[in-house]
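Enquirer: To start, I am sharing the structure in question, which I have written as C-alpha cells.
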Amino acid sequence: MNYKMMGRFIGHILLVESVFMVPALLISLFKHEQRACVGFVSSLGITMLLSLLLLVLCRGSKRSFKAREGLVCVSSSWVVMSLLGALPFYISREIPSFLDALFETVSGFTTTGASILPEVEVLSMSILYWRSFTHWLGGMGVLVFVLAVGVLGESSKGFTMHLLRAESPGPQVGKLVPKMKKTAEILYLIYILLTVLNIVFLLIGQMPLFDAVCTAFGTAGTGGFGIKND
C-alpha cells in the first residue's frame, strides 16, 4: 500500500474542503453571525492545518497507485471530509451534538437528504449555505473536482482511473475523452452550468437570490436539502 501517496491525496482533499468553507465564512461576516463566524474560522483553521500536515509528512511520495489504494483513498476521504465538515455546525453550537452534526454532514455529502433538524429556519444563513453546499459538492464528488483541477498533475501513472472507479456508483466507468483529467473537467463544467441554469430559472420565478442558490445546490446534487421546513 502506498500510504504516503494516499496521505498526500487526502491532504489535497482537505485543502479543497477548507477553500470551499470560505464563501460560508464570508456570508457569516457579512451578516454579522458571530457564532457561525467562529465556527467557520475554527473549522477552516483545523482543516487547513491537517491538510498542510499531511502534505508535509507525505511529500516525495511515489506516484504509483493501484485499485486497492483507490478504494481506501475514496472511503478515507469521505470519512475525514465528513468529520471536519461537521465542525462548523458543532463549533457554532447551531447543532449542539457532534453526532447530530456528523449525521447532517454525512447526509449532505452523500446526497441522502435525511435531517435531524426539527426546524431548519433557526439556522443562520451561513450555516444554511454550508448545509446546502454539502449536497452540491457530494453530488459530483470532491474527488472528481480534484481530478478536474489537476491538483496532482498528469504524471501519476493512471491513478485517476482507479480513483474514479472507486468513486463511481456504477459497475463500469468510461471516459468521454482520452484523458481522465479532461473527462473530469467536462463533467464538472456540465454540472456547474446546470446549477447556474437552475439558479436563473428560480430567480425568474421570483425566488430571492440566497434561496435560489441553496435550493439549486440541493436540486443539482439530487439530495433535496432545503432552507424552509415546508
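Each chain of the C-alpha cells is named A, B, ... in the order shown, its residues numbered from 1; ligands are numbered from 1 in display order.
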I'd like the contact shell of Val196 in chain A - 12 Å cut-off, only C-alpha atoms, skipping same-chain residues fewer than 5 positions apart - returned as a ChimeraX atom specification.

Expert: /A:136,189-191,201-203,209,212-217,219-220

Enquirer: Can you list, as a ChimeraX atom specification, every protein, DNA or RNA residue that comes within 8 Å of Ser43 in chain A when you count only C-alpha atoms, leaving out same-chain residues fewer than 4 positions away?

Expert: /A:18,39,47,84-85,87-88,91

Enquirer: Which of these, A:Lys228, A:Lys4, A:Lys182, A:His12, has the shortest distance to Leu123 in chain A once you count only C-alpha atoms?

Expert: A:Lys228

Enquirer: Can you work out which one of A:Phe225, A:Arg68, A:Ile10, A:Leu99 has the shortest atom-to-atom distance to Ala114 in chain A, counting only C-alpha atoms?

Expert: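 Of all the options, A:Phe225 lies closest to Ala114 in chain A.
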